Structures are given as C-alpha cells and as structure tokens.
Amino acid sequence: MSTNPFRIDKYELQQSLGKNNITEVWKAFDNQAHRYVAIKLFHAQLNADPDIVTRFQNEAQTIISLRHPNIAPC
C-alpha cells in the first residue's frame with residue numbers, strides 16, 4: 001500500500017487503506033475541516049461504467065443516512 005501523499009481538491013490523501021477490483025480507499029486529511037476522512041476512489045477504467053456509478057451513488061446515499069455517535073457527520 002502506498003504512503004506517498006497527494007492532493008485531490010481540499011483533501012490530502014495520505015495512505016491507501018485497501019482496494020478491490022472496483023475502488024481504492026484512502027486515509028485523507030480534510031484541510032478545511034481539519035479532520036481525517038476516508039476517501040473512496042474508482043479505478044480510472046471504471047468511471048464510464050453507468051452500473052458502477054449507480055451502485056456507488058446508492059452506497060453513498062446509504063452512508064450519508066447513517067447516524068451513530070462513532071460516525072462523523074458528513
């Protein structure tokens with residue numbers, strides 16, 4: 001797993017946490033909110049696949065709706 005930091009918008013991606021055949025999850029630092037977050041990225045070749053994009057959007061909506069004291073608000 002890579003540990004070389006790079007930036008996407010306001011996020012500094014610091015460490016790859018895991019990956020599968022569709023996505024890769026990174027530990028990142030949000031420079032505006034001054035907190036660590038997890039960022040999930042599609043592998044570049046899958047960005048144009050509408051089924052994958054729909055699945056990811058559904059997953060994101062589910063995650064946004066979660067409420068628990070140990071989950072930081074979006």
# chains A, B, ... in the order shown; residues from 1 in each chain; ligands from 1
$ select_by_dssp --residues "segment 3-74 of chain A" --states "alpha helix (DSSP H)" --output "list in words"
Pro50, Asp51, Ile52, Val53, Thr54, Arg55, Phe56, Gln57, Asn58, Glu59, Ala60, Gln61, Thr62, Ile63, Ile64 and Ser65 of chain A
$ write_last_selection --atoms "N, CA and C atoms" --output "mmCIF file, in the first residue's frame"
data_model
loop_
_atom_site.group_PDB
_atom_site.id
_atom_site.type_symbol
_atom_site.label_atom_id
_atom_site.label_comp_id
_atom_site.auth_asym_id
_atom_site.auth_seq_id
_atom_site.Cartn_x
_atom_site.Cartn_y
_atom_site.Cartn_z
ATOM 1 N N PRO A 50 -21.837 2.994 -16.273
ATOM 2 C CA PRO A 50 -23.010 3.545 -15.575
ATOM 3 C C PRO A 50 -23.526 2.654 -14.444
ATOM 4 N N ASP A 51 -23.382 1.340 -14.553
ATOM 5 C CA ASP A 51 -23.829 0.446 -13.483
ATOM 6 C C ASP A 51 -22.996 0.645 -12.219
ATOM 7 N N ILE A 52 -21.702 0.794 -12.391
ATOM 8 C CA ILE A 52 -20.809 1.017 -11.252
ATOM 9 C C ILE A 52 -21.112 2.363 -10.607
ATOM 10 N N VAL A 53 -21.322 3.381 -11.426
ATOM 11 C CA VAL A 53 -21.608 4.718 -10.902
ATOM 12 C C VAL A 53 -22.909 4.709 -10.113
ATOM 13 N N THR A 54 -23.951 4.054 -10.626
ATOM 14 C CA THR A 54 -25.236 3.951 -9.913
ATOM 15 C C THR A 54 -25.069 3.217 -8.596
ATOM 16 N N ARG A 55 -24.345 2.129 -8.610
ATOM 17 C CA ARG A 55 -24.097 1.364 -7.374
ATOM 18 C C ARG A 55 -23.376 2.215 -6.335
ATOM 19 N N PHE A 56 -22.376 2.974 -6.786
ATOM 20 C CA PHE A 56 -21.633 3.845 -5.879
ATOM 21 C C PHE A 56 -22.534 4.948 -5.317
ATOM 22 N N GLN A 57 -23.385 5.545 -6.147
ATOM 23 C CA GLN A 57 -24.302 6.587 -5.677
ATOM 24 C C GLN A 57 -25.267 6.033 -4.638
ATOM 25 N N ASN A 58 -25.767 4.828 -4.851
ATOM 26 C CA ASN A 58 -26.655 4.197 -3.865
ATOM 27 C C ASN A 58 -25.920 3.952 -2.549
ATOM 28 N N GLU A 59 -24.693 3.481 -2.641
ATOM 29 C CA GLU A 59 -23.885 3.252 -1.440
ATOM 30 C C GLU A 59 -23.643 4.565 -0.697
ATOM 31 N N ALA A 60 -23.346 5.614 -1.441
ATOM 32 C CA ALA A 60 -23.103 6.919 -0.821
ATOM 33 C C ALA A 60 -24.353 7.426 -0.097
ATOM 34 N N GLN A 61 -25.522 7.267 -0.690
ATOM 35 C CA GLN A 61 -26.761 7.693 -0.043
ATOM 36 C C GLN A 61 -27.012 6.912 1.240
ATOM 37 N N THR A 62 -26.712 5.632 1.232
ATOM 38 C CA THR A 62 -26.867 4.818 2.439
ATOM 39 C C THR A 62 -25.929 5.298 3.533
ATOM 40 N N ILE A 63 -24.692 5.557 3.175
ATOM 41 C CA ILE A 63 -23.709 6.020 4.163
ATOM 42 C C ILE A 63 -24.102 7.372 4.731
ATOM 43 N N ILE A 64 -24.572 8.275 3.889
ATOM 44 C CA ILE A 64 -24.984 9.603 4.344
ATOM 45 C C ILE A 64 -26.110 9.511 5.367
ATOM 46 N N SER A 65 -26.978 8.520 5.227
ATOM 47 C CA SER A 65 -28.129 8.398 6.127
ATOM 48 C C SER A 65 -27.781 7.767 7.479
#
$ residues_around --residues "segment 13-20 of chain A" --least-positions-apart "3" --cutoff "10 Å" --atoms "only C-alpha atoms" --output "PyMOL selection string"
chain A and resi 1-8+10+23-30+36-43
$ select_by_dssp --residues "chain A" --states "strand (DSSP E or B)" --output "NGL selection string"
:A and (6-8 or 11-19 or 23-30 or 35-42)
$ write_last_selection --atoms "N, CA and C atoms" --output "PDB file, in the first residue's frame"
ATOM      1  N   PHE A   6      -0.732  12.794  -1.782  1.00  0.00           N
ATOM      2  CA  PHE A   6      -1.067  13.651  -2.900  1.00  0.00           C
ATOM      3  C   PHE A   6      -2.423  14.278  -2.625  1.00  0.00           C
ATOM      4  N   ARG A   7      -2.795  15.275  -3.411  1.00  0.00           N
ATOM      5  CA  ARG A   7      -3.985  16.058  -3.126  1.00  0.00           C
ATOM      6  C   ARG A   7      -5.064  15.861  -4.176  1.00  0.00           C
ATOM      7  N   ILE A   8      -6.300  15.881  -3.695  1.00  0.00           N
ATOM      8  CA  ILE A   8      -7.489  15.977  -4.535  1.00  0.00           C
ATOM      9  C   ILE A   8      -8.346  17.053  -3.890  1.00  0.00           C
ATOM     10  N   TYR A  11      -8.505  17.716  -0.064  1.00  0.00           N
ATOM     11  CA  TYR A  11      -8.081  16.526   0.666  1.00  0.00           C
ATOM     12  C   TYR A  11      -6.636  16.162   0.347  1.00  0.00           C
ATOM     13  N   GLU A  12      -5.877  15.840   1.380  1.00  0.00           N
ATOM     14  CA  GLU A  12      -4.531  15.314   1.211  1.00  0.00           C
ATOM     15  C   GLU A  12      -4.598  13.818   1.457  1.00  0.00           C
ATOM     16  N   LEU A  13      -4.488  13.047   0.393  1.00  0.00           N
ATOM     17  CA  LEU A  13      -4.517  11.592   0.520  1.00  0.00           C
ATOM     18  C   LEU A  13      -3.184  11.140   1.080  1.00  0.00           C
ATOM     19  N   GLN A  14      -3.241  10.428   2.201  1.00  0.00           N
ATOM     20  CA  GLN A  14      -2.031  10.101   2.930  1.00  0.00           C
ATOM     21  C   GLN A  14      -1.644   8.640   2.876  1.00  0.00           C
ATOM     22  N   GLN A  15      -2.628   7.753   2.906  1.00  0.00           N
ATOM     23  CA  GLN A  15      -2.296   6.325   2.969  1.00  0.00           C
ATOM     24  C   GLN A  15      -3.414   5.503   2.348  1.00  0.00           C
ATOM     25  N   SER A  16      -3.042   4.592   1.475  1.00  0.00           N
ATOM     26  CA  SER A  16      -4.004   3.661   0.915  1.00  0.00           C
ATOM     27  C   SER A  16      -4.380   2.652   2.003  1.00  0.00           C
ATOM     28  N   LEU A  17      -5.680   2.507   2.257  1.00  0.00           N
ATOM     29  CA  LEU A  17      -6.152   1.600   3.304  1.00  0.00           C
ATOM     30  C   LEU A  17      -6.581   0.250   2.757  1.00  0.00           C
ATOM     31  N   GLY A  18      -6.919   0.213   1.483  1.00  0.00           N
ATOM     32  CA  GLY A  18      -7.338  -1.051   0.887  1.00  0.00           C
ATOM     33  C   GLY A  18      -7.907  -0.823  -0.489  1.00  0.00           C
ATOM     34  N   LYS A  19      -7.990  -1.906  -1.249  1.00  0.00           N
ATOM     35  CA  LYS A  19      -8.559  -1.791  -2.589  1.00  0.00           C
ATOM     36  C   LYS A  19      -9.158  -3.116  -3.008  1.00  0.00           C
ATOM     37  N   THR A  23     -12.710  -0.217  -6.472  1.00  0.00           N
ATOM     38  CA  THR A  23     -12.333   1.018  -5.794  1.00  0.00           C
ATOM     39  C   THR A  23     -11.069   0.846  -4.953  1.00  0.00           C
ATOM     40  N   GLU A  24     -10.579   1.999  -4.488  1.00  0.00           N
ATOM     41  CA  GLU A  24      -9.481   2.036  -3.531  1.00  0.00           C
ATOM     42  C   GLU A  24      -9.872   3.048  -2.456  1.00  0.00           C
ATOM     43  N   VAL A  25      -9.636   2.720  -1.188  1.00  0.00           N
ATOM     44  CA  VAL A  25      -9.974   3.600  -0.075  1.00  0.00           C
ATOM     45  C   VAL A  25      -8.686   4.186   0.506  1.00  0.00           C
ATOM     46  N   TRP A  26      -8.714   5.499   0.727  1.00  0.00           N
ATOM     47  CA  TRP A  26      -7.546   6.218   1.241  1.00  0.00           C
ATOM     48  C   TRP A  26      -7.871   6.935   2.539  1.00  0.00           C
ATOM     49  N   LYS A  27      -6.925   6.955   3.445  1.00  0.00           N
ATOM     50  CA  LYS A  27      -6.973   7.848   4.598  1.00  0.00           C
ATOM     51  C   LYS A  27      -6.535   9.203   4.071  1.00  0.00           C
ATOM     52  N   ALA A  28      -7.334  10.229   4.367  1.00  0.00           N
ATOM     53  CA  ALA A  28      -7.040  11.568   3.854  1.00  0.00           C
ATOM     54  C   ALA A  28      -7.270  12.589   4.953  1.00  0.00           C
ATOM     55  N   PHE A  29      -6.672  13.750   4.777  1.00  0.00           N
ATOM     56  CA  PHE A  29      -6.877  14.846   5.715  1.00  0.00           C
ATOM     57  C   PHE A  29      -7.632  15.942   4.995  1.00  0.00           C
ATOM     58  N   ASP A  30      -8.760  16.359   5.581  1.00  0.00           N
ATOM     59  CA  ASP A  30      -9.570  17.459   5.054  1.00  0.00           C
ATOM     60  C   ASP A  30      -8.989  18.747   5.616  1.00  0.00           C
ATOM     61  N   ARG A  35      -9.741  17.570   9.799  1.00  0.00           N
ATOM     62  CA  ARG A  35     -10.016  16.237  10.335  1.00  0.00           C
ATOM     63  C   ARG A  35      -9.648  15.184   9.298  1.00  0.00           C
ATOM     64  N   TYR A  36      -9.465  13.961   9.788  1.00  0.00           N
ATOM     65  CA  TYR A  36      -9.189  12.842   8.899  1.00  0.00           C
ATOM     66  C   TYR A  36     -10.490  12.271   8.368  1.00  0.00           C
ATOM     67  N   VAL A  37     -10.473  11.845   7.128  1.00  0.00           N
ATOM     68  CA  VAL A  37     -11.633  11.255   6.470  1.00  0.00           C
ATOM     69  C   VAL A  37     -11.178  10.050   5.651  1.00  0.00           C
ATOM     70  N   ALA A  38     -12.118   9.255   5.222  1.00  0.00           N
ATOM     71  CA  ALA A  38     -11.842   8.171   4.281  1.00  0.00           C
ATOM     72  C   ALA A  38     -12.378   8.601   2.917  1.00  0.00           C
ATOM     73  N   ILE A  39     -11.572   8.403   1.888  1.00  0.00           N
ATOM     74  CA  ILE A  39     -11.943   8.750   0.522  1.00  0.00           C
ATOM     75  C   ILE A  39     -11.948   7.477  -0.309  1.00  0.00           C
ATOM     76  N   LYS A  40     -13.052   7.229  -1.009  1.00  0.00           N
ATOM     77  CA  LYS A  40     -13.142   6.057  -1.873  1.00  0.00           C
ATOM     78  C   LYS A  40     -13.062   6.532  -3.320  1.00  0.00           C
ATOM     79  N   LEU A  41     -12.113   5.955  -4.066  1.00  0.00           N
ATOM     80  CA  LEU A  41     -11.888   6.328  -5.459  1.00  0.00           C
ATOM     81  C   LEU A  41     -12.141   5.133  -6.375  1.00  0.00           C
ATOM     82  N   PHE A  42     -12.791   5.397  -7.508  1.00  0.00           N
ATOM     83  CA  PHE A  42     -12.932   4.381  -8.544  1.00  0.00           C
ATOM     84  C   PHE A  42     -11.605   4.189  -9.263  1.00  0.00           C
TER      85      PHE A  42
END
$ atom_distance --atom1 "atom CA of Pro73 of chain A" --atom2 "atom CA of Asp9 of chain A"
19.6 Å
